[in-house]
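Below: query_11.pdb (PDB, C-alpha atoms, pLDDT in the B column)
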```pdb
ATOM      1  CA  ALA U   1      13.814  56.842 -17.576  1.00 78.00           C
ATOM      2  CA  GLN U   2      15.725  57.790 -20.649  1.00 87.00           C
ATOM      3  CA  LYS U   3      17.462  61.140 -20.883  1.00 94.00           C
ATOM      4  CA  ILE U   4      19.337  62.920 -23.646  1.00 97.00           C
ATOM      5  CA  THR U   5      21.709  65.809 -22.938  1.00 97.00           C
ATOM      6  CA  GLN U   6      22.976  68.213 -25.562  1.00 97.00           C
ATOM      7  CA  THR U   7      25.233  70.763 -23.893  1.00 96.00           C
ATOM      8  CA  GLN U   8      25.855  73.051 -26.870  1.00 96.00           C
ATOM      9  CA  PRO U   9      22.930  75.428 -27.405  1.00 95.00           C
ATOM     10  CA  GLY U  10      24.610  76.936 -30.451  1.00 96.00           C
ATOM     11  CA  MET U  11      27.658  76.416 -32.607  1.00 96.00           C
ATOM     12  CA  PHE U  12      29.337  78.133 -35.511  1.00 97.00           C
ATOM     13  CA  VAL U  13      31.417  76.420 -38.174  1.00 98.00           C
ATOM     14  CA  GLN U  14      33.194  77.650 -41.257  1.00 98.00           C
ATOM     15  CA  GLU U  15      31.965  76.325 -44.573  1.00 98.00           C
ATOM     16  CA  LYS U  16      33.854  73.176 -45.682  1.00 97.00           C
ATOM     17  CA  GLU U  17      35.090  72.508 -42.148  1.00 98.00           C
ATOM     18  CA  ALA U  18      34.042  69.527 -40.034  1.00 98.00           C
ATOM     19  CA  VAL U  19      31.971  69.973 -36.862  1.00 98.00           C
ATOM     20  CA  THR U  20      31.056  67.720 -33.945  1.00 98.00           C
ATOM     21  CA  LEU U  21      27.769  68.049 -32.104  1.00 98.00           C
ATOM     22  CA  ASP U  22      27.766  66.491 -28.654  1.00 98.00           C
ATOM     23  CA  CYS U  23      25.175  64.149 -27.226  1.00 98.00           C
ATOM     24  CA  THR U  24      25.210  62.117 -24.036  1.00 98.00           C
ATOM     25  CA  TYR U  25      22.462  59.812 -22.913  1.00 97.00           C
ATOM     26  CA  ASP U  26      21.261  57.851 -19.947  1.00 96.00           C
ATOM     27  CA  THR U  27      19.109  54.760 -19.998  1.00 93.00           C
ATOM     28  CA  SER U  28      18.479  51.552 -18.129  1.00 89.00           C
ATOM     29  CA  ASP U  29      17.348  49.726 -21.267  1.00 89.00           C
ATOM     30  CA  PRO U  30      19.847  47.068 -22.367  1.00 89.00           C
ATOM     31  CA  SER U  31      18.971  47.568 -26.010  1.00 91.00           C
ATOM     32  CA  TYR U  32      18.327  50.963 -27.502  1.00 93.00           C
ATOM     33  CA  GLY U  33      18.720  53.088 -30.569  1.00 93.00           C
ATOM     34  CA  LEU U  34      20.201  56.525 -31.004  1.00 95.00           C
ATOM     35  CA  PHE U  35      19.065  58.984 -33.654  1.00 95.00           C
ATOM     36  CA  TRP U  36      20.027  62.357 -34.993  1.00 97.00           C
ATOM     37  CA  TYR U  37      17.535  64.664 -36.654  1.00 97.00           C
ATOM     38  CA  LYS U  38      17.913  67.983 -38.444  1.00 97.00           C
ATOM     39  CA  GLN U  39      15.248  70.649 -38.204  1.00 96.00           C
ATOM     40  CA  PRO U  40      15.560  73.569 -40.637  1.00 95.00           C
ATOM     41  CA  SER U  41      13.607  76.763 -40.083  1.00 92.00           C
ATOM     42  CA  SER U  42      10.697  75.259 -42.024  1.00 89.00           C
ATOM     43  CA  GLY U  43      10.024  73.023 -39.022  1.00 89.00           C
ATOM     44  CA  GLU U  44      10.148  69.557 -40.526  1.00 89.00           C
ATOM     45  CA  MET U  45      12.270  66.941 -38.745  1.00 94.00           C
ATOM     46  CA  ILE U  46      14.701  65.227 -41.092  1.00 94.00           C
ATOM     47  CA  PHE U  47      16.203  61.878 -40.072  1.00 93.00           C
ATOM     48  CA  LEU U  48      19.983  61.850 -40.470  1.00 96.00           C
ATOM     49  CA  ILE U  49      21.492  58.771 -38.901  1.00 95.00           C
ATOM     50  CA  TYR U  50      20.784  55.815 -36.599  1.00 94.00           C
ATOM     51  CA  GLN U  51      23.018  53.799 -34.267  1.00 95.00           C
ATOM     52  CA  GLY U  52      21.908  50.644 -32.494  1.00 93.00           C
ATOM     53  CA  SER U  53      23.361  49.977 -29.069  1.00 93.00           C
ATOM     54  CA  TYR U  54      24.715  46.615 -30.179  1.00 92.00           C
ATOM     55  CA  ASP U  55      26.130  47.794 -33.479  1.00 90.00           C
ATOM     56  CA  GLN U  56      29.849  47.134 -33.566  1.00 86.00           C
ATOM     57  CA  GLN U  57      30.703  49.870 -35.994  1.00 93.00           C
ATOM     58  CA  ASN U  58      29.901  53.560 -35.941  1.00 95.00           C
ATOM     59  CA  ALA U  59      27.116  54.538 -38.305  1.00 95.00           C
ATOM     60  CA  THR U  60      27.836  56.670 -41.352  1.00 96.00           C
ATOM     61  CA  GLU U  61      25.505  58.278 -43.888  1.00 95.00           C
ATOM     62  CA  GLY U  62      27.230  60.384 -46.483  1.00 97.00           C
ATOM     63  CA  ARG U  63      28.728  63.423 -44.737  1.00 98.00           C
ATOM     64  CA  TYR U  64      27.242  62.369 -41.396  1.00 98.00           C
ATOM     65  CA  SER U  65      28.884  59.973 -39.002  1.00 97.00           C
ATOM     66  CA  LEU U  66      28.026  59.032 -35.467  1.00 97.00           C
ATOM     67  CA  ASN U  67      30.849  58.694 -32.964  1.00 97.00           C
ATOM     68  CA  PHE U  68      29.364  56.114 -30.589  1.00 96.00           C
ATOM     69  CA  GLN U  69      31.165  55.517 -27.310  1.00 96.00           C
ATOM     70  CA  LYS U  70      28.980  53.140 -25.340  1.00 95.00           C
ATOM     71  CA  ALA U  71      31.031  53.149 -22.149  1.00 94.00           C
ATOM     72  CA  ARG U  72      30.880  56.920 -22.022  1.00 95.00           C
ATOM     73  CA  LYS U  73      27.236  56.942 -23.097  1.00 96.00           C
ATOM     74  CA  SER U  74      27.928  59.416 -25.837  1.00 97.00           C
ATOM     75  CA  ALA U  75      26.703  59.575 -29.418  1.00 98.00           C
ATOM     76  CA  ASN U  76      28.240  62.600 -31.072  1.00 98.00           C
ATOM     77  CA  LEU U  77      27.311  63.624 -34.599  1.00 98.00           C
ATOM     78  CA  VAL U  78      30.147  64.556 -36.930  1.00 98.00           C
ATOM     79  CA  ILE U  79      29.339  66.549 -40.055  1.00 98.00           C
ATOM     80  CA  SER U  80      32.176  66.678 -42.526  1.00 97.00           C
ATOM     81  CA  ALA U  81      32.684  69.401 -45.128  1.00 96.00           C
ATOM     82  CA  SER U  82      29.946  71.690 -43.762  1.00 97.00           C
ATOM     83  CA  GLN U  83      27.674  73.419 -46.229  1.00 97.00           C
ATOM     84  CA  LEU U  84      25.548  76.552 -45.853  1.00 97.00           C
ATOM     85  CA  GLY U  85      22.469  74.342 -46.080  1.00 97.00           C
ATOM     86  CA  ASP U  86      23.544  72.533 -42.916  1.00 98.00           C
ATOM     87  CA  SER U  87      22.501  75.549 -40.840  1.00 98.00           C
ATOM     88  CA  ALA U  88      19.651  74.226 -38.707  1.00 98.00           C
ATOM     89  CA  MET U  89      18.711  72.806 -35.316  1.00 97.00           C
ATOM     90  CA  TYR U  90      20.081  69.345 -34.645  1.00 98.00           C
ATOM     91  CA  PHE U  91      18.453  66.975 -32.194  1.00 97.00           C
ATOM     92  CA  CYS U  92      19.801  63.825 -30.638  1.00 98.00           C
ATOM     93  CA  ALA U  93      17.182  61.258 -29.635  1.00 96.00           C
ATOM     94  CA  MET U  94      16.905  57.739 -28.315  1.00 94.00           C
ATOM     95  CA  SER U  95      14.344  55.007 -27.926  1.00 91.00           C
ATOM     96  CA  SER U  96      14.256  51.512 -26.526  1.00 87.00           C
ATOM     97  CA  VAL U  97      14.264  48.667 -29.009  1.00 83.00           C
ATOM     98  CA  SER U  98      11.484  47.018 -27.045  1.00 81.00           C
ATOM     99  CA  GLY U  99       9.189  49.974 -27.622  1.00 79.00           C
ATOM    100  CA  ASN U 100       8.477  50.251 -23.913  1.00 80.00           C
ATOM    101  CA  THR U 101       9.815  53.781 -23.845  1.00 83.00           C
ATOM    102  CA  PRO U 102       9.177  56.353 -26.544  1.00 88.00           C
ATOM    103  CA  LEU U 103      11.566  58.350 -28.680  1.00 90.00           C
ATOM    104  CA  VAL U 104      12.880  61.133 -26.455  1.00 92.00           C
ATOM    105  CA  PHE U 105      14.833  64.174 -27.566  1.00 95.00           C
ATOM    106  CA  GLY U 106      17.544  66.437 -26.267  1.00 96.00           C
ATOM    107  CA  LYS U 107      17.166  70.225 -26.239  1.00 95.00           C
ATOM    108  CA  GLY U 108      18.998  70.545 -29.533  1.00 97.00           C
ATOM    109  CA  THR U 109      21.990  72.428 -30.912  1.00 97.00           C
ATOM    110  CA  ARG U 110      21.617  75.296 -33.357  1.00 97.00           C
ATOM    111  CA  LEU U 111      24.342  75.038 -35.971  1.00 98.00           C
ATOM    112  CA  SER U 112      25.242  78.056 -38.068  1.00 98.00           C
ATOM    113  CA  VAL U 113      27.535  77.580 -41.053  1.00 98.00           C
ATOM    114  CA  ILE U 114      29.491  80.673 -42.035  1.00 97.00           C
ATOM    115  CA  ALA U 115      30.680  81.347 -45.570  1.00 95.00           C
TER     116      ALA U 115
ATOM    117  CA  LYS F   1       6.128  56.503 -51.333  1.00 60.00           C
ATOM    118  CA  ALA F   2       3.990  59.063 -49.535  1.00 74.00           C
ATOM    119  CA  GLY F   3       5.392  60.505 -46.329  1.00 92.00           C
ATOM    120  CA  VAL F   4       3.665  61.316 -43.081  1.00 96.00           C
ATOM    121  CA  THR F   5       0.820  63.735 -43.669  1.00 97.00           C
ATOM    122  CA  GLN F   6      -0.391  66.114 -41.029  1.00 97.00           C
ATOM    123  CA  THR F   7      -3.458  68.285 -41.384  1.00 97.00           C
ATOM    124  CA  PRO F   8      -4.053  71.094 -41.082  1.00 97.00           C
ATOM    125  CA  ARG F   9      -0.697  72.840 -41.445  1.00 96.00           C
ATOM    126  CA  TYR F  10      -1.789  75.977 -39.619  1.00 97.00           C
ATOM    127  CA  LEU F  11      -4.565  76.615 -37.155  1.00 97.00           C
ATOM    128  CA  ILE F  12      -5.712  79.588 -35.126  1.00 98.00           C
ATOM    129  CA  LYS F  13      -8.088  78.933 -32.253  1.00 98.00           C
ATOM    130  CA  THR F  14      -9.552  80.922 -29.417  1.00 98.00           C
ATOM    131  CA  ARG F  15      -8.841  80.143 -25.794  1.00 98.00           C
ATOM    132  CA  GLY F  16     -11.400  77.690 -24.454  1.00 98.00           C
ATOM    133  CA  GLN F  17     -12.108  76.043 -27.787  1.00 98.00           C
ATOM    134  CA  GLN F  18     -11.087  72.518 -28.697  1.00 98.00           C
ATOM    135  CA  VAL F  19      -9.051  71.307 -31.654  1.00 98.00           C
ATOM    136  CA  THR F  20      -8.422  68.049 -33.485  1.00 98.00           C
ATOM    137  CA  LEU F  21      -5.243  67.384 -35.419  1.00 98.00           C
ATOM    138  CA  SER F  22      -4.801  64.542 -37.878  1.00 98.00           C
ATOM    139  CA  CYS F  23      -1.840  62.395 -38.846  1.00 98.00           C
ATOM    140  CA  SER F  24      -1.683  59.848 -41.653  1.00 97.00           C
ATOM    141  CA  PRO F  25       1.402  57.632 -41.293  1.00 96.00           C
ATOM    142  CA  ILE F  26       3.459  56.022 -43.996  1.00 95.00           C
ATOM    143  CA  SER F  27       1.721  52.967 -45.381  1.00 93.00           C
ATOM    144  CA  GLY F  28       2.644  49.911 -43.315  1.00 91.00           C
ATOM    145  CA  HIS F  29       3.718  51.870 -40.257  1.00 92.00           C
ATOM    146  CA  ARG F  30       1.730  50.850 -37.199  1.00 91.00           C
ATOM    147  CA  SER F  31       3.293  53.200 -34.663  1.00 92.00           C
ATOM    148  CA  VAL F  32       2.332  56.860 -34.462  1.00 95.00           C
ATOM    149  CA  SER F  33       3.809  59.277 -31.939  1.00 95.00           C
ATOM    150  CA  TRP F  34       2.874  62.871 -31.167  1.00 97.00           C
ATOM    151  CA  TYR F  35       5.136  65.661 -29.929  1.00 97.00           C
ATOM    152  CA  GLN F  36       4.642  69.248 -28.852  1.00 97.00           C
ATOM    153  CA  GLN F  37       7.424  71.664 -29.689  1.00 97.00           C
ATOM    154  CA  THR F  38       7.730  75.086 -28.095  1.00 95.00           C
ATOM    155  CA  PRO F  39      10.725  77.459 -27.881  1.00 89.00           C
ATOM    156  CA  GLY F  40      10.802  77.196 -24.107  1.00 86.00           C
ATOM    157  CA  GLN F  41      10.212  73.460 -23.544  1.00 88.00           C
ATOM    158  CA  GLY F  42      11.662  71.985 -26.697  1.00 90.00           C
ATOM    159  CA  LEU F  43      10.268  68.703 -28.039  1.00 94.00           C
ATOM    160  CA  GLN F  44       7.992  67.038 -25.537  1.00 95.00           C
ATOM    161  CA  PHE F  45       6.472  63.616 -26.046  1.00 95.00           C
ATOM    162  CA  LEU F  46       2.689  63.484 -25.863  1.00 97.00           C
ATOM    163  CA  PHE F  47       1.728  59.890 -26.623  1.00 94.00           C
ATOM    164  CA  GLU F  48       2.392  56.940 -28.862  1.00 94.00           C
ATOM    165  CA  TYR F  49      -0.092  54.554 -30.421  1.00 94.00           C
ATOM    166  CA  PHE F  50       0.676  51.129 -31.789  1.00 92.00           C
ATOM    167  CA  SER F  51      -1.980  49.046 -33.509  1.00 91.00           C
ATOM    168  CA  GLU F  52      -4.763  51.216 -32.049  1.00 94.00           C
ATOM    169  CA  THR F  53      -3.452  50.923 -28.470  1.00 94.00           C
ATOM    170  CA  GLN F  54      -1.764  53.677 -26.517  1.00 94.00           C
ATOM    171  CA  ARG F  55       1.698  52.271 -25.811  1.00 90.00           C
ATOM    172  CA  ASN F  56       3.334  55.243 -24.116  1.00 91.00           C
ATOM    173  CA  LYS F  57       2.118  58.490 -22.628  1.00 94.00           C
ATOM    174  CA  GLY F  58       3.916  61.684 -21.716  1.00 94.00           C
ATOM    175  CA  ASN F  59       3.266  64.077 -18.839  1.00 94.00           C
ATOM    176  CA  PHE F  60       0.494  66.179 -20.257  1.00 96.00           C
ATOM    177  CA  PRO F  61      -2.862  67.033 -18.674  1.00 97.00           C
ATOM    178  CA  GLY F  62      -5.980  65.093 -19.564  1.00 96.00           C
ATOM    179  CA  ARG F  63      -7.026  67.866 -21.947  1.00 97.00           C
ATOM    180  CA  PHE F  64      -4.684  66.223 -24.410  1.00 98.00           C
ATOM    181  CA  SER F  65      -5.979  62.973 -25.845  1.00 97.00           C
ATOM    182  CA  GLY F  66      -5.448  60.858 -28.894  1.00 97.00           C
ATOM    183  CA  ARG F  67      -6.552  57.797 -30.733  1.00 97.00           C
ATOM    184  CA  GLN F  68      -5.525  55.601 -33.592  1.00 97.00           C
ATOM    185  CA  PHE F  69      -7.802  54.031 -36.145  1.00 96.00           C
ATOM    186  CA  SER F  70      -7.602  50.609 -37.751  1.00 95.00           C
ATOM    187  CA  ASN F  71      -5.871  52.102 -40.818  1.00 93.00           C
ATOM    188  CA  SER F  72      -3.187  53.503 -38.464  1.00 94.00           C
ATOM    189  CA  ARG F  73      -4.280  57.101 -38.981  1.00 97.00           C
ATOM    190  CA  SER F  74      -4.173  59.009 -35.739  1.00 98.00           C
ATOM    191  CA  GLU F  75      -5.847  62.046 -34.283  1.00 98.00           C
ATOM    192  CA  MET F  76      -5.024  64.116 -31.267  1.00 98.00           C
ATOM    193  CA  ASN F  77      -7.489  66.356 -29.510  1.00 98.00           C
ATOM    194  CA  VAL F  78      -6.902  69.252 -27.187  1.00 98.00           C
ATOM    195  CA  SER F  79      -9.904  70.486 -25.245  1.00 95.00           C
ATOM    196  CA  THR F  80     -10.318  73.808 -23.451  1.00 97.00           C
ATOM    197  CA  LEU F  81      -7.377  75.399 -25.213  1.00 98.00           C
ATOM    198  CA  GLU F  82      -4.998  77.602 -23.266  1.00 98.00           C
ATOM    199  CA  LEU F  83      -2.586  80.221 -24.572  1.00 97.00           C
ATOM    200  CA  GLY F  84       0.280  77.944 -23.577  1.00 96.00           C
ATOM    201  CA  ASP F  85      -0.923  75.270 -25.986  1.00 97.00           C
ATOM    202  CA  SER F  86       0.363  77.381 -28.869  1.00 98.00           C
ATOM    203  CA  ALA F  87       3.035  75.201 -30.403  1.00 97.00           C
ATOM    204  CA  LEU F  88       4.182  73.138 -33.336  1.00 97.00           C
ATOM    205  CA  TYR F  89       2.629  69.682 -33.057  1.00 98.00           C
ATOM    206  CA  LEU F  90       4.621  66.978 -34.772  1.00 97.00           C
ATOM    207  CA  CYS F  91       3.576  63.473 -35.620  1.00 97.00           C
ATOM    208  CA  ALA F  92       5.987  60.635 -36.367  1.00 96.00           C
ATOM    209  CA  SER F  93       5.354  57.168 -37.696  1.00 95.00           C
ATOM    210  CA  SER F  94       7.519  54.095 -37.494  1.00 91.00           C
ATOM    211  CA  PHE F  95       7.539  50.546 -38.796  1.00 85.00           C
ATOM    212  CA  GLY F  96       9.538  49.433 -35.778  1.00 74.00           C
ATOM    213  CA  THR F  97      11.771  50.996 -33.184  1.00 66.00           C
ATOM    214  CA  THR F  98      14.987  50.177 -35.040  1.00 67.00           C
ATOM    215  CA  TYR F  99      13.741  51.432 -38.383  1.00 69.00           C
ATOM    216  CA  GLY F 100      13.633  55.092 -37.515  1.00 81.00           C
ATOM    217  CA  TYR F 101      10.817  57.511 -37.089  1.00 90.00           C
ATOM    218  CA  THR F 102       9.578  59.630 -39.983  1.00 93.00           C
ATOM    219  CA  PHE F 103       8.049  62.960 -39.117  1.00 95.00           C
ATOM    220  CA  GLY F 104       5.328  64.955 -40.760  1.00 95.00           C
ATOM    221  CA  SER F 105       5.642  68.664 -41.472  1.00 94.00           C
ATOM    222  CA  GLY F 106       3.688  69.509 -38.338  1.00 95.00           C
ATOM    223  CA  THR F 107       0.652  71.537 -37.420  1.00 97.00           C
ATOM    224  CA  ARG F 108       1.337  74.998 -36.099  1.00 96.00           C
ATOM    225  CA  LEU F 109      -1.366  75.845 -33.574  1.00 98.00           C
ATOM    226  CA  THR F 110      -1.852  79.380 -32.347  1.00 98.00           C
ATOM    227  CA  VAL F 111      -4.229  80.028 -29.469  1.00 98.00           C
ATOM    228  CA  VAL F 112      -5.414  83.612 -29.109  1.00 97.00           C
TER     229      VAL F 112
END
```
I need this file expressed as structure tokens, please.
Amino acid sequence: AQKITQTQPGMFVQEKEAVTLDCTYDTSDPSYGLFWYKQPSSGEMIFLIYQGSYDQQNATEGRYSLNFQKARKSANLVISASQLGDSAMYFCAMSSVSGNTPLVFGKGTRLSVIA
Amino acid sequence: KAGVTQTPRYLIKTRGQQVTLSCSPISGHRSVSWYQQTPGQGLQFLFEYFSETQRNKGNFPGRFSGRQFSNSRSEMNVSTLELGDSALYLCASSFGTTYGYTFGSGTRLTVV
């Protein structure tokens, strides 16, 4: 079974600083994908970034980058130059490429950006 | 292009009643997944449908059921509602597992 662990229930970061949100995973699937989503207080889930298990390079999307360390089974999200609008819940998730297992989520990290 | 549409946005039901929630995926997406989100349990996977077939199922009682139609629209039904079923129900659609999952805005169900 797949499992996602996010050990930071909450984090604070100063505006314009960078922040790293931790995510470790466990899976027996040889091919999988890792996702990060942002959930503001409105409730919608916003897709941020995707990393395939066989991708050679770490994924980047604007201010978001994913620090993928396959041997350590970690997929940390790095947000550079934090903005007040980044305050939200952040979820790490994974699914198998085969589709045999669904998209499963970690418990999330609540990020608060301070002015 | 249109996103994932969930209806209704808000719902209040009485314990013991049943409810049906609807999800219209992005055009071309054949996979639809449902999640229950509560403060205590977080995001829990309910089920996933792909081309009208249930592909994966989470650990929920049989009161929770779903289906997918030929146009990929999906419905989930909860019978004999309990207070603990109060939650945000999220639907996500996907073109394929490596293309990402797009979520709807959710249906917030309150059982009184």
Exercise for the section: Write out as a ChimeraX atom specification each polymer residue whose atoms come within 8 Å of segment 73-83 of chain U, counting all atoms listed in the file; drop sequence neighbours fewer than 4 positions from it. Expected result: /U:13-26,34,36,63-69,87,113
Practice task
Would you mind reading off the distance between atom CA of Phe91 of chain U and atom CA of Thr102 of chain F, one decimal, in Å?
Solution key: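 Atom-to-atom, atom CA of Phe91 of chain U to atom CA of Thr102 of chain F, that is 13.9 Å.
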Handout entry: Nearest to Thr20 of chain F by atom-to-atom distance, counting only C-alpha atoms, from F:Val111, F:Ala87, F:Val32, F:Val78
Key =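 Among the listed residues, the smallest separation from Thr20 of chain F belongs to F:Val78.
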Chain U residues within 6 Å of chain F, counting only C-alpha atoms: which ones, as a CSV table (one decimal) with C-alpha atoms, keeping the file's coordinate frame?
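New file part.csv:
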```csv
chain,number,residue,atom,x,y,z
U,44,GLU,CA,10.1,69.6,-40.5
U,45,MET,CA,12.3,66.9,-38.7
U,97,VAL,CA,14.3,48.7,-29.0
U,107,LYS,CA,17.2,70.2,-26.2
```
Handout entry: Nearest to Gln2 of chain U by atom-to-atom distance, counting only C-alpha atoms, from U:Gly62, U:Gly108, U:Pro102, U:Gly85
Key =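 Smallest distance to Gln2 of chain U is found for U:Pro102.
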Exercise for the section: Return the single residue from F:Gln54, F:Glu82, F:Leu21, F:Val4 that is closest to Gly99 of chain U, with distances computed using all atoms listed in the file. Expected result: F:Gln54
Problem - Gap from atom CA of Arg15 of chain F to atom CA of Leu109 of chain F - Å, one decimal - result: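 These two atoms are separated by 11.6 Å.
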Exercise for the section: Apply the PyMOL selection byres ((chain U and resi 106) around 6) to the displayed file and report the matching residues as a VMD selection string. Expected result: chain U and resid 4 to 6 92 105 107 to 108
Handout entry: Result set, the PyMOL selection byres ((chain F and resi 25) around 7) on current file, as a ChimeraX atom specification
Key = /F:4-5,23-24,26-27,29,32,72-73,93
Problem - atom CA of Pro61 of chain F to atom CA of Val112 of chain F, distance in Å rounded to a single decimal - result: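 Separating atom CA of Pro61 of chain F from atom CA of Val112 of chain F is a distance of 19.8 Å.
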